[in-house]
file final05.txt (compact mmCIF, C-alpha atoms)
# COMPACT_ATOMS: atom_id res chain seq x y z
CA MET A 1 -5.34 26.13 2.39
CA LEU A 2 -7.11 25.82 -0.98
CA PRO A 3 -10.77 24.72 -0.76
CA TRP A 4 -10.17 21.49 -2.67
CA LYS A 5 -7.49 20.50 -0.18
CA ARG A 6 -9.95 21.05 2.67
CA VAL A 7 -12.23 18.53 0.99
CA LEU A 8 -9.57 15.98 0.11
CA ARG A 9 -7.96 15.71 3.55
CA PRO A 10 -11.00 14.31 5.39
CA LEU A 11 -11.90 12.23 2.34
CA ALA A 12 -8.43 10.72 2.35
CA ALA A 13 -8.74 10.00 6.06
CA LEU A 14 -12.03 8.20 5.49
CA LEU A 15 -10.57 6.11 2.67
CA LEU A 16 -7.57 5.22 4.84
CA ALA A 17 -9.89 4.19 7.66
CA LEU A 18 -11.73 1.86 5.30
CA ALA A 19 -8.48 0.39 4.02
CA VAL A 20 -7.15 -0.20 7.52
CA ALA A 21 -10.38 -1.91 8.48
CA ALA A 22 -10.39 -4.17 5.43
CA VAL A 23 -6.80 -5.35 5.14
CA PRO A 24 -6.23 -7.17 8.46
CA ALA A 25 -9.65 -8.85 8.49
CA ALA A 26 -8.12 -12.24 7.79
CA THR A 27 -6.50 -12.17 11.22
CA ALA A 28 -9.86 -12.24 12.98
CA SER A 29 -11.27 -15.36 14.53
CA ALA A 30 -14.56 -16.83 13.38
CA SER A 31 -16.35 -14.80 16.04
CA GLY A 32 -14.69 -11.58 14.87
CA THR A 33 -13.77 -10.60 18.41
CA ALA A 34 -10.35 -12.13 19.04
CA ALA A 35 -7.04 -11.48 17.34
CA ALA A 36 -5.02 -14.46 16.21
CA GLY A 37 -1.88 -14.61 18.31
CA GLY A 38 -2.54 -11.16 19.73
CA GLY A 39 -3.03 -12.41 23.27
CA TRP A 40 -6.18 -10.48 24.01
CA ASN A 41 -9.81 -11.52 24.54
CA ASP A 42 -8.49 -14.38 26.65
CA TYR A 43 -11.30 -15.05 29.12
CA SER A 44 -9.03 -17.25 31.23
CA CYS A 45 -6.78 -14.27 31.94
CA GLU A 46 -6.53 -13.48 35.65
CA PRO A 47 -5.80 -9.83 36.55
CA SER A 48 -2.60 -9.50 38.56
CA ALA A 49 -1.95 -7.55 41.73
CA ALA A 50 0.03 -5.08 39.61
CA HIS A 51 -2.82 -4.67 37.10
CA PRO A 52 -6.01 -5.65 38.93
CA ARG A 53 -8.47 -4.21 36.42
CA PRO A 54 -9.16 -5.64 32.96
CA VAL A 55 -8.85 -3.20 30.07
CA VAL A 56 -11.69 -2.93 27.55
CA LEU A 57 -10.76 -1.45 24.18
CA VAL A 58 -13.51 0.44 22.32
CA HIS A 59 -12.93 0.90 18.60
CA GLY A 60 -13.77 3.96 16.52
CA THR A 61 -16.17 4.63 13.65
CA PHE A 62 -15.66 2.22 10.72
CA GLY A 63 -13.44 0.12 13.01
CA ASN A 64 -13.93 -3.24 14.65
CA SER A 65 -12.68 -5.23 17.62
CA VAL A 66 -9.60 -6.53 15.80
CA ASP A 67 -8.34 -4.03 13.27
CA ASN A 68 -8.38 -0.99 15.53
CA TRP A 69 -6.22 -2.74 18.13
CA LEU A 70 -3.50 -4.63 16.27
CA GLY A 71 -1.02 -2.19 17.79
CA LEU A 72 -2.29 -1.25 21.24
CA ALA A 73 -3.71 -4.60 22.38
CA PRO A 74 -0.38 -6.47 22.14
CA TYR A 75 1.35 -3.46 23.68
CA LEU A 76 -0.84 -3.74 26.78
CA THR A 77 -0.94 -7.55 27.03
CA GLY A 78 2.84 -7.53 26.83
CA ARG A 79 2.81 -5.34 29.93
CA GLY A 80 0.70 -7.78 31.91
CA TYR A 81 -2.85 -6.48 31.36
CA CYS A 82 -5.90 -8.61 30.68
CA VAL A 83 -7.24 -6.95 27.54
CA TYR A 84 -10.59 -7.30 25.78
CA SER A 85 -12.26 -5.67 22.80
CA LEU A 86 -15.79 -5.62 21.45
CA ASP A 87 -17.69 -4.90 18.27
CA TYR A 88 -20.49 -2.38 18.56
CA GLY A 89 -22.73 -0.22 16.40
CA GLN A 90 -23.16 -2.82 13.65
CA LEU A 91 -25.60 -2.13 10.82
CA PRO A 92 -27.50 -5.03 9.19
CA GLY A 93 -25.65 -6.35 6.19
CA VAL A 94 -22.52 -4.26 6.83
CA PRO A 95 -19.61 -6.50 7.91
CA LEU A 96 -16.33 -5.27 9.43
CA PHE A 97 -17.22 -1.55 9.40
CA HIS A 98 -18.86 -0.91 12.75
CA GLY A 99 -19.63 2.07 14.99
CA LEU A 100 -22.34 3.28 12.62
CA GLY A 101 -25.45 2.56 14.69
CA PRO A 102 -27.13 4.93 17.18
CA ILE A 103 -24.55 5.75 19.82
CA ASP A 104 -26.90 5.35 22.77
CA LYS A 105 -27.59 1.79 21.59
CA SER A 106 -23.85 1.21 21.17
CA ALA A 107 -23.36 2.28 24.78
CA GLY A 108 -25.81 -0.43 25.78
CA GLN A 109 -23.66 -2.99 23.95
CA LEU A 110 -20.62 -1.71 25.82
CA SER A 111 -22.48 -2.07 29.11
CA ALA A 112 -23.26 -5.73 28.42
CA PHE A 113 -19.67 -6.39 27.35
CA VAL A 114 -18.17 -4.83 30.47
CA ASP A 115 -20.48 -7.00 32.59
CA LYS A 116 -19.24 -10.06 30.69
CA VAL A 117 -15.58 -9.12 31.25
CA LEU A 118 -16.08 -8.40 34.95
CA ALA A 119 -17.88 -11.71 35.43
CA ALA A 120 -15.09 -13.62 33.67
CA THR A 121 -12.22 -11.93 35.51
CA GLY A 122 -13.83 -11.49 38.92
CA ALA A 123 -12.74 -7.84 38.93
CA ALA A 124 -14.89 -5.17 40.54
CA GLU A 125 -14.04 -2.51 37.96
CA ALA A 126 -12.65 -2.21 34.46
CA ASP A 127 -10.64 0.46 32.67
CA LEU A 128 -11.80 1.64 29.24
CA VAL A 129 -9.58 2.82 26.39
CA GLY A 130 -11.28 4.11 23.26
CA HIS A 131 -10.26 5.64 19.96
CA SER A 132 -12.31 8.40 18.30
CA GLN A 133 -16.02 7.58 18.81
CA GLY A 134 -14.80 4.82 21.13
CA GLY A 135 -13.35 7.44 23.46
CA MET A 136 -16.58 9.42 23.56
CA MET A 137 -19.34 6.79 23.44
CA PRO A 138 -18.40 5.27 26.85
CA ARG A 139 -19.30 8.57 28.48
CA HIS A 140 -22.97 7.81 27.70
CA TYR A 141 -22.51 4.45 29.44
CA LEU A 142 -20.90 6.14 32.45
CA LYS A 143 -23.49 8.91 32.71
CA PHE A 144 -26.77 7.19 31.87
CA LEU A 145 -26.34 3.40 32.09
CA GLY A 146 -24.71 2.90 35.48
CA GLY A 147 -21.20 2.48 34.15
CA ALA A 148 -19.60 4.80 36.71
CA ALA A 149 -19.94 2.09 39.35
CA LYS A 150 -18.06 -0.39 37.16
CA VAL A 151 -15.34 1.75 35.56
CA HIS A 152 -12.26 3.15 37.21
CA ALA A 153 -10.77 5.10 34.30
CA LEU A 154 -11.63 6.16 30.75
CA VAL A 155 -8.80 6.96 28.35
CA GLY A 156 -9.85 8.62 25.10
CA ILE A 157 -7.47 8.66 22.15
CA ALA A 158 -8.56 11.46 19.78
CA PRO A 159 -12.14 11.29 21.12
CA ASP A 160 -14.89 13.46 19.65
CA ASN A 161 -16.20 14.47 23.06
CA HIS A 162 -17.93 17.57 21.73
CA GLY A 163 -18.44 16.38 18.19
CA THR A 164 -16.70 17.39 15.01
CA ASP A 165 -17.24 19.85 12.20
CA LEU A 166 -14.91 17.79 9.94
CA ILE A 167 -12.81 20.85 9.07
CA GLY A 168 -15.99 22.82 8.49
CA LEU A 169 -17.60 20.38 6.04
CA THR A 170 -20.57 19.65 8.31
CA HIS A 171 -21.55 23.31 8.01
CA LEU A 172 -22.37 22.61 4.37
CA LEU A 173 -25.11 20.08 5.18
CA PRO A 174 -27.92 22.70 5.28
CA TYR A 175 -27.08 23.59 1.68
CA PHE A 176 -27.96 20.05 0.55
CA PRO A 177 -31.67 19.50 1.32
CA GLY A 178 -32.32 16.09 2.81
CA ALA A 179 -28.64 15.24 3.32
CA GLU A 180 -28.75 15.43 7.11
CA ASP A 181 -31.98 13.40 7.28
CA LEU A 182 -30.44 10.77 5.02
CA LEU A 183 -27.37 10.61 7.24
CA LYS A 184 -29.52 10.13 10.35
CA ALA A 185 -31.58 7.43 8.67
CA THR A 186 -28.75 5.40 7.16
CA THR A 187 -25.80 5.92 9.52
CA PRO A 188 -27.13 7.39 12.77
CA GLY A 189 -23.77 6.87 14.47
CA LEU A 190 -22.24 9.40 12.10
CA ALA A 191 -25.05 11.91 12.56
CA ASP A 192 -24.72 11.64 16.34
CA GLN A 193 -21.09 12.79 16.11
CA ILE A 194 -21.76 16.07 14.33
CA ALA A 195 -21.10 18.99 16.65
CA GLY A 196 -24.38 20.24 18.08
CA SER A 197 -26.29 16.98 17.54
CA ASP A 198 -29.12 16.08 19.90
CA PHE A 199 -27.06 13.17 21.21
CA LEU A 200 -24.03 15.31 22.08
CA THR A 201 -26.16 18.06 23.57
CA ARG A 202 -27.70 15.57 25.98
CA LEU A 203 -24.36 13.92 26.72
CA ASN A 204 -22.62 17.16 27.66
CA THR A 205 -25.46 18.92 29.45
CA GLY A 206 -24.67 19.18 33.15
CA GLY A 207 -20.94 18.62 32.76
CA ASP A 208 -18.47 16.42 30.92
CA THR A 209 -17.68 14.00 33.72
CA VAL A 210 -19.27 11.88 36.43
CA PRO A 211 -17.87 11.40 39.95
CA GLY A 212 -15.60 8.48 40.68
CA VAL A 213 -14.07 8.04 37.23
CA ARG A 214 -10.62 9.26 36.12
CA TYR A 215 -10.52 10.69 32.61
CA THR A 216 -7.58 11.07 30.24
CA VAL A 217 -7.76 12.60 26.77
CA ILE A 218 -4.83 12.16 24.38
CA ALA A 219 -5.09 14.46 21.35
CA THR A 220 -2.96 15.43 18.37
CA LYS A 221 -2.96 18.86 16.84
CA TYR A 222 -2.77 17.24 13.41
CA ASP A 223 -6.19 15.62 13.78
CA GLU A 224 -8.13 16.10 10.55
CA VAL A 225 -11.24 14.15 11.57
CA VAL A 226 -12.19 15.46 15.02
CA THR A 227 -11.95 19.20 14.51
CA PRO A 228 -11.25 21.63 16.00
CA TRP A 229 -8.94 19.31 17.91
CA ARG A 230 -9.29 21.24 21.19
CA THR A 231 -12.95 20.18 21.36
CA GLN A 232 -11.69 16.71 22.29
CA TYR A 233 -10.71 17.95 25.74
CA LEU A 234 -12.91 17.43 28.78
CA SER A 235 -13.56 19.70 31.74
CA GLY A 236 -14.18 18.58 35.29
CA PRO A 237 -12.67 16.80 38.28
CA GLY A 238 -10.36 13.89 37.62
CA VAL A 239 -9.53 15.01 34.06
CA ARG A 240 -6.11 15.07 32.42
CA ASN A 241 -5.94 16.48 28.89
CA VAL A 242 -2.76 15.68 26.97
CA LEU A 243 -1.53 17.02 23.64
CA LEU A 244 0.76 14.52 21.94
CA GLN A 245 3.02 17.25 20.58
CA ASP A 246 3.64 18.57 24.10
CA LEU A 247 5.18 15.18 24.84
CA CYS A 248 7.07 14.89 21.56
CA PRO A 249 7.10 17.88 19.19
CA LEU A 250 8.34 15.62 16.39
CA ASP A 251 5.25 13.39 16.50
CA LEU A 252 3.21 14.01 13.33
CA SER A 253 0.46 11.47 14.00
CA GLU A 254 -3.01 12.42 12.81
CA HIS A 255 -6.38 10.95 13.76
CA LEU A 256 -5.81 7.38 12.63
CA ALA A 257 -2.12 7.01 13.40
CA ILE A 258 -2.47 8.10 17.03
CA GLY A 259 -4.79 5.17 17.71
CA LEU A 260 -3.39 2.53 15.39
CA PHE A 261 0.37 2.51 15.83
CA ASP A 262 1.74 5.53 17.72
CA ARG A 263 3.78 4.06 20.58
CA ILE A 264 4.27 7.51 22.11
CA ALA A 265 0.50 7.68 22.53
CA PHE A 266 0.49 4.06 23.72
CA HIS A 267 3.05 4.92 26.41
CA GLU A 268 0.77 7.69 27.64
CA VAL A 269 -2.17 5.23 27.67
CA ALA A 270 -0.09 2.94 29.92
CA ASN A 271 0.66 5.90 32.20
CA ALA A 272 -3.03 6.71 32.43
CA LEU A 273 -3.87 3.12 33.34
CA ASP A 274 -1.20 2.98 36.05
CA PRO A 275 -0.37 6.54 37.15
CA ALA A 276 1.37 5.34 40.30
CA HIS A 277 4.12 3.86 38.12
CA ALA A 278 4.05 6.38 35.28
CA THR A 279 7.27 7.31 33.55
CA PRO A 280 7.84 10.41 31.40
CA THR A 281 6.48 10.16 27.88
CA THR A 282 8.97 11.56 25.36
CA CYS A 283 9.96 11.01 21.74
CA ALA A 284 12.07 8.10 23.01
CA SER A 285 8.87 6.36 24.06
CA ALA A 286 8.46 5.40 20.40
CA LEU A 287 11.12 2.76 21.08
CA SER A 288 9.70 1.51 24.37

call {"tool": "encode", "arguments": {"input": "final05.txt", "output": "structure tokens"}}
result
Amino acid sequence: MLPWKRVLRPLAALLLALAVAAVPAATASASGTAAAGGGWNDYSCEPSAAHPRPVVLVHGTFGNSVDNWLGLAPYLTGRGYCVYSLDYGQLPGVPLFHGLGPIDKSAGQLSAFVDKVLAATGAAEADLVGHSQGGMMPRHYLKFLGGAAKVHALVGIAPDNHGTDLIGLTHLLPYFPGAEDLLKATTPGLADQIAGSDFLTRLNTGGDTVPGVRYTVIATKYDEVVTPWRTQYLSGPGVRNVLLQDLCPLDLSEHLAIGLFDRIAFHEVANALDPAHATPTTCASALS
């Protein structure tokens, strides 16, 4: 691939992420945490015997509690789940585009939100489903903030579990004096996601998983944001790593599409949440 194409692909992905975050903003409620007509963030929802655990959706970088989940949240509520989503990692004066603050602090926000959901639903545990940073950040909550006692399963959709080199672009940072320090100072949530960061080193030291939690990773080989894509996978007990193209070779979803509207990925999320009633995920799942 020509060098300029290597630069344009991640840049295009970033611009698309910003566009996706901006366009549906009018659908948000005044609080910014509930989707109009989407059926989620309903604190009167009572978990059923079939789906006894509420599902907490954790958005990705530049996302928010509404825009990231206009596809998956209705998909899950339509299948009988009590579904909730939060905003985290907000920077002062930056509306809509979240997930930019220090990730350890974001994990603390997730902890408080899970407590709120469990108190409202009366459930003993929740399931977490996150996209991109939202699939990785909860691991800090599970490992360091007591979340393992409150979470049954974590499903990561294109999570940057071991960071990203952004198709090699992060390797160029040392050639621009002060660039990395500026990134850490202005958008620490981005700096934390660079492969080899202090945050990720601490997160992954001693193993990827904690006892008592089931982990599922759903990746796409066309991911242009979390690269190399195989670094998304986890190792350890209770882990299932899934490549989308092993389920449907025709699926061309990249980093954003897999989390925003890919119903093949959504079907695999549903399987991960209820493995006892899982059905095969195939290309036909796009119509389910």

call {"tool": "closest_residue", "arguments": {"input": "final05.txt", "among": "A:Gln133, A:Thr209, A:Ser48, A:Gln109", "to": "A:Asn68", "atoms": "only C-alpha atoms"}}
result
A:Gln133

call {"tool": "residues_around", "arguments": {"input": "final05.txt", "residues": "A:Ala286", "least_positions_apart": "4", "cutoff": "10 Å", "atoms": "all atoms listed in the file", "output": "PyMOL selection string"}}
result
chain A and resi 248+251+261-267+281-282

call {"tool": "closest_residue", "arguments": {"input": "final05.txt", "among": "A:Ser111, A:Thr216, A:Asn64, A:Ser285", "to": "A:Val129", "atoms": "all atoms listed in the file"}}
result
A:Thr216

call {"tool": "closest_residue", "arguments": {"input": "final05.txt", "among": "A:Ser65, A:Ser85, A:Ser106, A:Thr220", "to": "A:Leu145", "atoms": "only C-alpha atoms"}}
result
A:Ser106

call {"tool": "atom_distance", "arguments": {"input": "final05.txt", "atom1": "atom CA of A:Leu91", "atom2": "atom CA of A:Thr186"}}
result
8.9 Å

call {"tool": "axis_aligned_box", "arguments": {"input": "final05.txt", "around": "stretch 112-120 of chain A", "padding_each_side": "4 Å", "output": "lines of an AutoDock Vina configuration file"}}
result
center_x = -19.2
center_y = -9.2
center_z = 31.4
size_x = 16.2
size_y = 16.8
size_z = 16.1

call {"tool": "residues_near_point", "arguments": {"input": "final05.txt", "point": "(-9.1, -16.7, 31.4)", "cutoff": "12 Å", "atoms": "only C-alpha atoms", "output": "list in words"}}
result
Gly39, Trp40, Asn41, Asp42, Tyr43, Ser44, Cys45, Glu46, Pro47, Pro54, Tyr81, Cys82, Val83, Tyr84, Val117, Leu118, Ala119, Ala120, Thr121 and Gly122 of chain A

call {"tool": "atom_distance", "arguments": {"input": "final05.txt", "atom1": "atom CA of A:Ser132", "atom2": "atom CA of A:Asp160"}}
result
5.8 Å

call {"tool": "residues_around", "arguments": {"input": "final05.txt", "residues": "stretch 94-102 of chain A", "least_positions_apart": "6", "cutoff": "9 Å", "atoms": "all atoms listed in the file", "output": "list in words"}}
result
Leu18, Ala21, Ala22, Ala25, Gly32, His59, Gly60, Thr61, Phe62, Gly63, Asn64, Ser65, Asp67, Asp87, Tyr88, Gln133, Gly134, Lys184, Thr186, Thr187, Pro188, Gly189, Leu190, Ala191 and Asp192 of chain A

call {"tool": "residues_around", "arguments": {"input": "final05.txt", "residues": "stretch 228-239 of chain A", "least_positions_apart": "3", "cutoff": "9 Å", "atoms": "only C-alpha atoms", "output": "VMD selection string"}}
result
chain A and resid 136 156 158 to 168 207 to 225 242

call {"tool": "atom_distance", "arguments": {"input": "final05.txt", "atom1": "atom CA of A:Gln90", "atom2": "atom CA of A:Lys105"}}
result
10.2 Å

call {"tool": "closest_residue", "arguments": {"input": "final05.txt", "among": "A:Ala272, A:Val55, A:Val226, A:Val114", "to": "A:His255", "atoms": "all atoms listed in the file"}}
result
A:Val226

call {"tool": "closest_residue", "arguments": {"input": "final05.txt", "among": "A:Gly146, A:Pro275, A:Pro92, A:Pro52", "to": "A:Ala112", "atoms": "all atoms listed in the file"}}
result
A:Gly146

call {"tool": "closest_residue", "arguments": {"input": "final05.txt", "among": "A:Leu203, A:Ala123, A:Ala270, A:Leu70", "to": "A:Asp104", "atoms": "all atoms listed in the file"}}
result
A:Leu203
